[in-house]
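*Asks:* I'd like to ask you about the structure that follows.
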Amino acid sequence: MRVAALIVAAGRGSRVGGGVPKQYVRIGGETILQRAIDAFALHPAVALVQSVIHADDGSLYEDSLSRRPAALRAPVTGGSSRQASVRAGLEALAAEEPDLVLIHDAARPFVDRGLIDRVVAALERHPGAIPALAVADTLKRADAGQTIAETVDRAGLWRAQTPQGFRFARILDAHRAAAVEGFDDFTDDAAIGEWAGFPVALVEGDARNIKITTAADVADAQAACEAAMTMEPRIGTGFDVHRFAEGSSVWLCGVEIPHTHKLEGHSDADVALHALTDALLGTIGDGDIGQHFPPSDPKWKGAASHLFLTEAARRVRARGGRIVNVDVTLLAEAPRIGPYRAAMQARVAEILGITADRVGVKATTMEELGSIGRREGIVAMANASVLLPFSTAQDQS
């Protein structure tokens with residue numbers, strides 16, 4: 001059986017805050033949408049994943065994905081309602097001819113493999129199946145004055161979740177028929193199945209499979225991620241060299257030091273911060289300083305190198321990472337580093353948002369050997385260690 005997953009991500013829900021629709025909010029270093037996509041793209045039964053996004057969200061979508069699993073197809077544009085967006089996704093999938101489709105709300109990032117298994121297994125016997133949780137709370141119906149009008153019998157009542165699974169041809173036909181009849185207000189796909197007249201089975205849902213709607217939901221989800229997160233250590237290295245030129249001071253670790261020369265470079269030529277920038281980028285496999293701040297770009301001419309290190313740190317934290325420590329060794333005959341070491345440590349710590357005891361600054365001479373020994377320039381070598389969450393891909397491989 002060829003199984004497709006359809007991720008509905010065209011909504012505009014913004015009650016979570018952050019200035020973007022909720023599916024693009026990050027929790028645990030990943031967007032809610034990325035987590036939803038991964039749950040299906042990494043499932044062994046799912047052959048392809050189709051996202052449906054809002055017409056205005058092309059850039060947001062591209063920026064939200066830190067990886068693109070092989071099963072993921074290019075997104076399609078949704079419609080004016082959830083129902084219309086699902087139909088657009090189904091029509092896009094029709095050419096792939098799947099046997100089954102799992103329709104999932106992008107705002108549910110914690111769907112797990114067991115839940116997907118239960119829905120797929122139920123489709124062997126039923127044309128439709130959804131996960132659901134039995135209502136446990138006493139239900140009250142209110143009147144116009146917000147006082148209790150009656151107590152509702154909760155027997156037989158269930159809270160529907162996604163993914164909602166269907167035999168593909170049946171749900172596509174039902175969506176097309178509903179559109180022809182002018183019905184566009186179904187709130188989930190099981191309701192369309194009911195309207196079309198085919199049975200939809202209930203399977204055991206999962207209380208962890210929450211739908212993120214409010215800022216409080218995001219906070220709870222972030223806390224859950226942090227509690228469950230397994231961190232792995234990453235180490236990156238950096239190396240840089242700059243020659244001396246006519247001048248009266250050098251910049252090293254963000255501190256200006258009087259000297260007989262300056263260091264030559266497109267920016268302020270802070271060889272230490274350049275090496276540290278490369279070391280941090282190396283911990284997340286994110287290229288090097290020349291890729292992100294090319295010397296061919298005039299906007300970086302004379303730029304302060306703390307901008308480069310700040311951006312590298314931001315990229316680490318965007319992945320959910322935490323900088324543990326950094327260490328830089330300078331190779332130079334002059335100037336003397338000792339009198340400025342504490343200031344250099346403090347400045348690097350300030351840039352990275354860590355304490356100074358997590359910053360190492362050392363220096364040594366080359367015993368007058370080679371170009372550095374001849375006082376032609378300065379070399380910097382750097383190391384950085386970070387703790388980074390195991391990616392979902394690693395967790396489920």
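Chain labels run A, B, ... following the order of the structure tokens; each chain numbers its residues from 1, and ligands are numbered from 1 in the order shown.
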Write out as a list in words all residues of region 207-319 of chain A that DSSP puts in strand (DSSP E) for this structure's backbone.

*Replies:*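 Filtering region 207-319 of chain A to strand (DSSP E) leaves Met231, Glu232, Pro233, Arg234, Ile235, Gly236, Thr237, Gly238, Phe239, Asp240, Val241, His242, Arg243, Phe244, Ala245, Glu246, Ser249, Val250, Trp251, Leu252, Val255, Glu256, Ile257, Pro258, His261, Lys262 and Leu263 of chain A.
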
*Asks:* I need the helix (DSSP H, G or I) residues of region 61-255 of chain A per DSSP on the backbone, written as a PyMOL selection string.

*Replies:* chain A and resi 61-64+82-94+113-122+168-181+189-196+215-228

*Asks:* Tell me, counting only C-alpha atoms, for each residue of region 280-387 of chain A within 10 Å of region 266-269 of chain A, which pair of atoms is nearest and how far apart they are in Å to one decimal, in rows ordered by chain and increasing number, as JSON lines.

*Replies:*
```
{"residue": "A:Phe293", "atom": "CA", "partner": "A:Ser267", "partner_atom": "CA", "distance": 9.6}
{"residue": "A:Pro294", "atom": "CA", "partner": "A:His266", "partner_atom": "CA", "distance": 9.2}
{"residue": "A:Pro295", "atom": "CA", "partner": "A:His266", "partner_atom": "CA", "distance": 5.9}
{"residue": "A:Ser296", "atom": "CA", "partner": "A:His266", "partner_atom": "CA", "distance": 8.6}
{"residue": "A:Asp297", "atom": "CA", "partner": "A:His266", "partner_atom": "CA", "distance": 9.3}
{"residue": "A:Pro298", "atom": "CA", "partner": "A:His266", "partner_atom": "CA", "distance": 8.6}
{"residue": "A:Lys299", "atom": "CA", "partner": "A:Ser267", "partner_atom": "CA", "distance": 9.5}
{"residue": "A:Trp300", "atom": "CA", "partner": "A:Ser267", "partner_atom": "CA", "distance": 6.0}
{"residue": "A:Lys301", "atom": "CA", "partner": "A:Ser267", "partner_atom": "CA", "distance": 5.0}
{"residue": "A:Gly302", "atom": "CA", "partner": "A:Ser267", "partner_atom": "CA", "distance": 4.0}
{"residue": "A:Ala303", "atom": "CA", "partner": "A:Ser267", "partner_atom": "CA", "distance": 4.6}
{"residue": "A:Ala304", "atom": "CA", "partner": "A:Asp268", "partner_atom": "CA", "distance": 5.6}
{"residue": "A:Ser305", "atom": "CA", "partner": "A:Asp268", "partner_atom": "CA", "distance": 6.4}
{"residue": "A:His306", "atom": "CA", "partner": "A:Asp268", "partner_atom": "CA", "distance": 9.7}
```

*Asks:* Restricting the calculation to only C-alpha atoms: of A:Thr162, A:Gln83, A:Ser59, A:Thr260, which residue gets closest to Ile130 (chain A)?

*Replies:*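 The shortest atom-to-atom distance to Ile130 (chain A) comes from A:Thr162.
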
*Asks:* Using CA of Arg26 (chain A) and CA of Val46 (chain A) as the two end points, give the distance in Å to one decimal.

*Replies:*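 Between these atoms lies a distance of 24.6 Å.
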
*Asks:* Could you list, with a cut-off of 8 Å and counting only C-alpha atoms, the residues of region 30-148 of chain A near region 165-186 of chain A, each shown with its nearest atom pair and the distance in Å rounded to one decimal, rows sorted by chain and ascending number, as JSON lines?

*Replies:*
```
{"residue": "A:Ser81", "atom": "CA", "partner": "A:Asp184", "partner_atom": "CA", "distance": 7.3}
{"residue": "A:Gln83", "atom": "CA", "partner": "A:Asp184", "partner_atom": "CA", "distance": 6.3}
{"residue": "A:Ala84", "atom": "CA", "partner": "A:Asp184", "partner_atom": "CA", "distance": 7.2}
{"residue": "A:Arg87", "atom": "CA", "partner": "A:His175", "partner_atom": "CA", "distance": 6.1}
{"residue": "A:Leu90", "atom": "CA", "partner": "A:Leu172", "partner_atom": "CA", "distance": 6.3}
{"residue": "A:Glu91", "atom": "CA", "partner": "A:Leu172", "partner_atom": "CA", "distance": 7.6}
{"residue": "A:Pro98", "atom": "CA", "partner": "A:Phe168", "partner_atom": "CA", "distance": 6.5}
{"residue": "A:Asp99", "atom": "CA", "partner": "A:Phe168", "partner_atom": "CA", "distance": 5.5}
{"residue": "A:Leu100", "atom": "CA", "partner": "A:Arg167", "partner_atom": "CA", "distance": 4.5}
{"residue": "A:Val101", "atom": "CA", "partner": "A:Phe168", "partner_atom": "CA", "distance": 5.4}
{"residue": "A:Leu102", "atom": "CA", "partner": "A:Gly165", "partner_atom": "CA", "distance": 4.3}
{"residue": "A:Ile103", "atom": "CA", "partner": "A:Gly165", "partner_atom": "CA", "distance": 6.2}
{"residue": "A:Val119", "atom": "CA", "partner": "A:Gly165", "partner_atom": "CA", "distance": 6.2}
{"residue": "A:Val120", "atom": "CA", "partner": "A:Gly165", "partner_atom": "CA", "distance": 6.9}
{"residue": "A:Leu123", "atom": "CA", "partner": "A:Phe166", "partner_atom": "CA", "distance": 6.7}
{"residue": "A:Pro127", "atom": "CA", "partner": "A:Arg167", "partner_atom": "CA", "distance": 5.3}
{"residue": "A:Gly128", "atom": "CA", "partner": "A:Phe166", "partner_atom": "CA", "distance": 4.2}
{"residue": "A:Ala129", "atom": "CA", "partner": "A:Gly165", "partner_atom": "CA", "distance": 5.2}
{"residue": "A:Ile130", "atom": "CA", "partner": "A:Gly165", "partner_atom": "CA", "distance": 6.1}
```

*Asks:* Using only C-alpha atoms, can you tell me which of A:Ile148, A:Thr31, A:Val203, A:Pro69 comes closest to Val49 (chain A)?

*Replies:*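 For Val49 (chain A), the nearest of the candidates is A:Pro69.
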